[in-house]
Amino acid sequence: MQEYRFKSSYRPRPLPSGRWLISQRWNDLLFAHWALNPSVLDPLLPDWLEVDTYQGKAWLGVVPFWLDRIKIRGVPALPGARSFPDLSMRTYVRDRFTGTSGTYCFSLDSSNLLGVGIARMVYHLPCHWSSMRLDQCSEREFDFYSNRRLNTKPVVFKARYRGLGPTLKTAEIRPGSLEYFLTERSCIFSSNRSGEPIRSNVHHVPLPLEEAEALIERNDLPASIGITLPNCEPVLHYSRRLAIYIWPSEVLRHAMAGRPVTVAVNPST
């Protein structure tokens, strides 16, 4: 496999104000994305969000991965939370208050019950407890299986995927590219129990993306929210690992504007 080395033109994104609350590492991610008409996703979003588009298309992503190095600031290591699989279904949006671009999760499945509780209570995400299995077949090839627990209808995702190594296209993520649009997001949007808009700021080092192959044998996630995927192959990417820092959730006010502080690319502890 050929290795590409470049001088990166990426400049560190200013960090949000305050301190991050949770840090974790995401590993062996498959990004599977389908292009959709924005009118398909618009009715599924809160009215304070609008679909963000690339070349006129909305994008629905399904992302299986596994987590480790999980840390809550000021809290000892959590028992039973050393590493576990997760599965996200998301799209890309802007809030109508500030125009900030971010990610909106339609669902998050986790094999860790404690993780489900934190995602629901702290970040107001639609997280589900699922039976999951991730088997490594080779250095960059994985079998992933998820089946949602306590659900009236089966919600199963099953796929085999592998990273194909970096290429000239994926070695650097440049503004204006589809890869930049799909991955360079600085916050996650959600709604609390009162229906108020919630924003949780996130920070990560630029993704080391690779081309990918995948055989998706079953994918019930879109149908669980009333979406029928187009009869075409998804756009696929793979990332070996990614360090993530997540700030406390905050209510998004009409006049709220971020006050970023420029610092080094890696947040201090």
# chains A, B, ... in the order shown; residues from 1 in each chain; ligands from 1
>>> residues_around(residues="Ser83 (chain A)", least_positions_apart="2", cutoff="12 Å", atoms="only C-alpha atoms", output="number ranges by chain")
A: 24-27, 65-71, 77-81, 85-86, 110-112, 114-115, 134
>>> residues_around(residues="Tyr123 (chain A)", least_positions_apart="3", cutoff="8 Å", atoms="only C-alpha atoms", output="count of residues only")
7
>>> closest_residue(among="A:Ile227, A:Val51, A:Ala159, A:Cys137", to="Gly99 (chain A)", atoms="only C-alpha atoms")
A:Val51
>>> select_by_dssp(residues="region 141-244 of chain A", states="helix (DSSP H, G or I)", output="list of chain:residue names")
A:Leu178, A:Glu179, A:Tyr180, A:Phe181, A:Leu182, A:Thr183, A:Leu221, A:Pro222, A:Ala223, A:Ser224
>>> write_last_selection(atoms="N, CA and C atoms", output="PDB file, in the first residue's frame")
ATOM      1  N   LEU A 178     -16.552  17.022  -0.675  1.00  0.00           N
ATOM      2  CA  LEU A 178     -17.607  16.286   0.012  1.00  0.00           C
ATOM      3  C   LEU A 178     -17.103  15.764   1.351  1.00  0.00           C
ATOM      4  N   GLU A 179     -15.857  15.300   1.389  1.00  0.00           N
ATOM      5  CA  GLU A 179     -15.294  14.770   2.631  1.00  0.00           C
ATOM      6  C   GLU A 179     -15.284  15.840   3.731  1.00  0.00           C
ATOM      7  N   TYR A 180     -14.950  17.059   3.372  1.00  0.00           N
ATOM      8  CA  TYR A 180     -14.950  18.156   4.347  1.00  0.00           C
ATOM      9  C   TYR A 180     -16.365  18.417   4.837  1.00  0.00           C
ATOM     10  N   PHE A 181     -17.312  18.453   3.912  1.00  0.00           N
ATOM     11  CA  PHE A 181     -18.714  18.700   4.270  1.00  0.00           C
ATOM     12  C   PHE A 181     -19.231  17.651   5.253  1.00  0.00           C
ATOM     13  N   LEU A 182     -18.882  16.395   5.054  1.00  0.00           N
ATOM     14  CA  LEU A 182     -19.421  15.302   5.859  1.00  0.00           C
ATOM     15  C   LEU A 182     -18.753  15.157   7.227  1.00  0.00           C
ATOM     16  N   THR A 183     -17.530  15.626   7.366  1.00  0.00           N
ATOM     17  CA  THR A 183     -16.784  15.325   8.586  1.00  0.00           C
ATOM     18  C   THR A 183     -16.396  16.537   9.424  1.00  0.00           C
ATOM     19  N   LEU A 221     -32.143   0.915   9.870  1.00  0.00           N
ATOM     20  CA  LEU A 221     -32.152   2.216  10.538  1.00  0.00           C
ATOM     21  C   LEU A 221     -32.991   3.254   9.786  1.00  0.00           C
ATOM     22  N   PRO A 222     -32.783   3.465   8.486  1.00  0.00           N
ATOM     23  CA  PRO A 222     -33.594   4.486   7.804  1.00  0.00           C
ATOM     24  C   PRO A 222     -35.091   4.207   7.887  1.00  0.00           C
ATOM     25  N   ALA A 223     -35.489   2.958   7.688  1.00  0.00           N
ATOM     26  CA  ALA A 223     -36.912   2.614   7.731  1.00  0.00           C
ATOM     27  C   ALA A 223     -37.513   2.873   9.109  1.00  0.00           C
ATOM     28  N   SER A 224     -36.685   2.821  10.164  1.00  0.00           N
ATOM     29  CA  SER A 224     -37.199   3.043  11.517  1.00  0.00           C
ATOM     30  C   SER A 224     -37.675   4.471  11.722  1.00  0.00           C
TER      31      SER A 224
END
>>> residues_around(residues="Ile216 (chain A)", least_positions_apart="5", cutoff="8 Å", atoms="only C-alpha atoms", output="ChimeraX atom specification")
/A:157-160
>>> residues_around(residues="Ile173 (chain A)", least_positions_apart="2", cutoff="10 Å", atoms="only C-alpha atoms", output="list in words")
Ser8, Ser9, Tyr10, Lys169, Thr170, Ala171, Pro175, Gly176, Ser177, Leu178, Glu179, Tyr180, Phe181, Thr183, Glu184, Pro206, Leu207, Pro208 and Leu209 of chain A
>>> decode(residues="region 178-198 of chain A", atoms="N, CA and C atoms", output="mmCIF file, in the first residue's frame")
data_model
loop_
_atom_site.group_PDB
_atom_site.id
_atom_site.type_symbol
_atom_site.label_atom_id
_atom_site.label_comp_id
_atom_site.auth_asym_id
_atom_site.auth_seq_id
_atom_site.Cartn_x
_atom_site.Cartn_y
_atom_site.Cartn_z
ATOM 1 N N LEU A 178 -16.552 17.022 -0.675
ATOM 2 C CA LEU A 178 -17.607 16.286 0.012
ATOM 3 C C LEU A 178 -17.103 15.764 1.351
ATOM 4 N N GLU A 179 -15.857 15.300 1.389
ATOM 5 C CA GLU A 179 -15.294 14.770 2.631
ATOM 6 C C GLU A 179 -15.284 15.840 3.731
ATOM 7 N N TYR A 180 -14.950 17.059 3.372
ATOM 8 C CA TYR A 180 -14.950 18.156 4.347
ATOM 9 C C TYR A 180 -16.365 18.417 4.837
ATOM 10 N N PHE A 181 -17.312 18.453 3.912
ATOM 11 C CA PHE A 181 -18.714 18.700 4.270
ATOM 12 C C PHE A 181 -19.231 17.651 5.253
ATOM 13 N N LEU A 182 -18.882 16.395 5.054
ATOM 14 C CA LEU A 182 -19.421 15.302 5.859
ATOM 15 C C LEU A 182 -18.753 15.157 7.227
ATOM 16 N N THR A 183 -17.530 15.626 7.366
ATOM 17 C CA THR A 183 -16.784 15.325 8.586
ATOM 18 C C THR A 183 -16.396 16.537 9.424
ATOM 19 N N GLU A 184 -16.264 17.714 8.836
ATOM 20 C CA GLU A 184 -15.820 18.873 9.604
ATOM 21 C C GLU A 184 -17.015 19.593 10.217
ATOM 22 N N ARG A 185 -17.527 19.034 11.296
ATOM 23 C CA ARG A 185 -18.681 19.583 12.000
ATOM 24 C C ARG A 185 -18.284 19.883 13.439
ATOM 25 N N SER A 186 -18.642 21.073 13.924
ATOM 26 C CA SER A 186 -18.155 21.522 15.225
ATOM 27 C C SER A 186 -19.176 21.379 16.343
ATOM 28 N N CYS A 187 -20.365 20.829 16.056
ATOM 29 C CA CYS A 187 -21.342 20.671 17.130
ATOM 30 C C CYS A 187 -22.385 19.625 16.753
ATOM 31 N N ILE A 188 -23.089 19.154 17.781
ATOM 32 C CA ILE A 188 -24.202 18.218 17.632
ATOM 33 C C ILE A 188 -25.451 18.912 18.168
ATOM 34 N N PHE A 189 -26.520 18.892 17.399
ATOM 35 C CA PHE A 189 -27.773 19.505 17.815
ATOM 36 C C PHE A 189 -28.750 18.451 18.328
ATOM 37 N N SER A 190 -29.562 18.850 19.286
ATOM 38 C CA SER A 190 -30.619 17.978 19.809
ATOM 39 C C SER A 190 -31.668 18.866 20.470
ATOM 40 N N SER A 191 -32.677 18.259 21.084
ATOM 41 C CA SER A 191 -33.714 18.994 21.816
ATOM 42 C C SER A 191 -33.896 18.359 23.182
ATOM 43 N N ASN A 192 -34.099 19.191 24.199
ATOM 44 C CA ASN A 192 -34.330 18.628 25.532
ATOM 45 C C ASN A 192 -35.802 18.263 25.707
ATOM 46 N N ARG A 193 -36.161 17.794 26.895
ATOM 47 C CA ARG A 193 -37.527 17.319 27.131
ATOM 48 C C ARG A 193 -38.560 18.424 26.992
ATOM 49 N N SER A 194 -38.131 19.665 27.170
ATOM 50 C CA SER A 194 -39.042 20.798 27.017
ATOM 51 C C SER A 194 -39.132 21.272 25.582
ATOM 52 N N GLY A 195 -38.395 20.615 24.688
ATOM 53 C CA GLY A 195 -38.403 21.006 23.290
ATOM 54 C C GLY A 195 -37.461 22.141 22.958
ATOM 55 N N GLU A 196 -36.630 22.543 23.923
ATOM 56 C CA GLU A 196 -35.699 23.642 23.669
ATOM 57 C C GLU A 196 -34.521 23.159 22.810
ATOM 58 N N PRO A 197 -34.014 24.023 21.932
ATOM 59 C CA PRO A 197 -32.858 23.662 21.108
ATOM 60 C C PRO A 197 -31.604 23.498 21.966
ATOM 61 N N ILE A 198 -30.871 22.428 21.721
ATOM 62 C CA ILE A 198 -29.650 22.137 22.463
ATOM 63 C C ILE A 198 -28.485 22.017 21.493
#
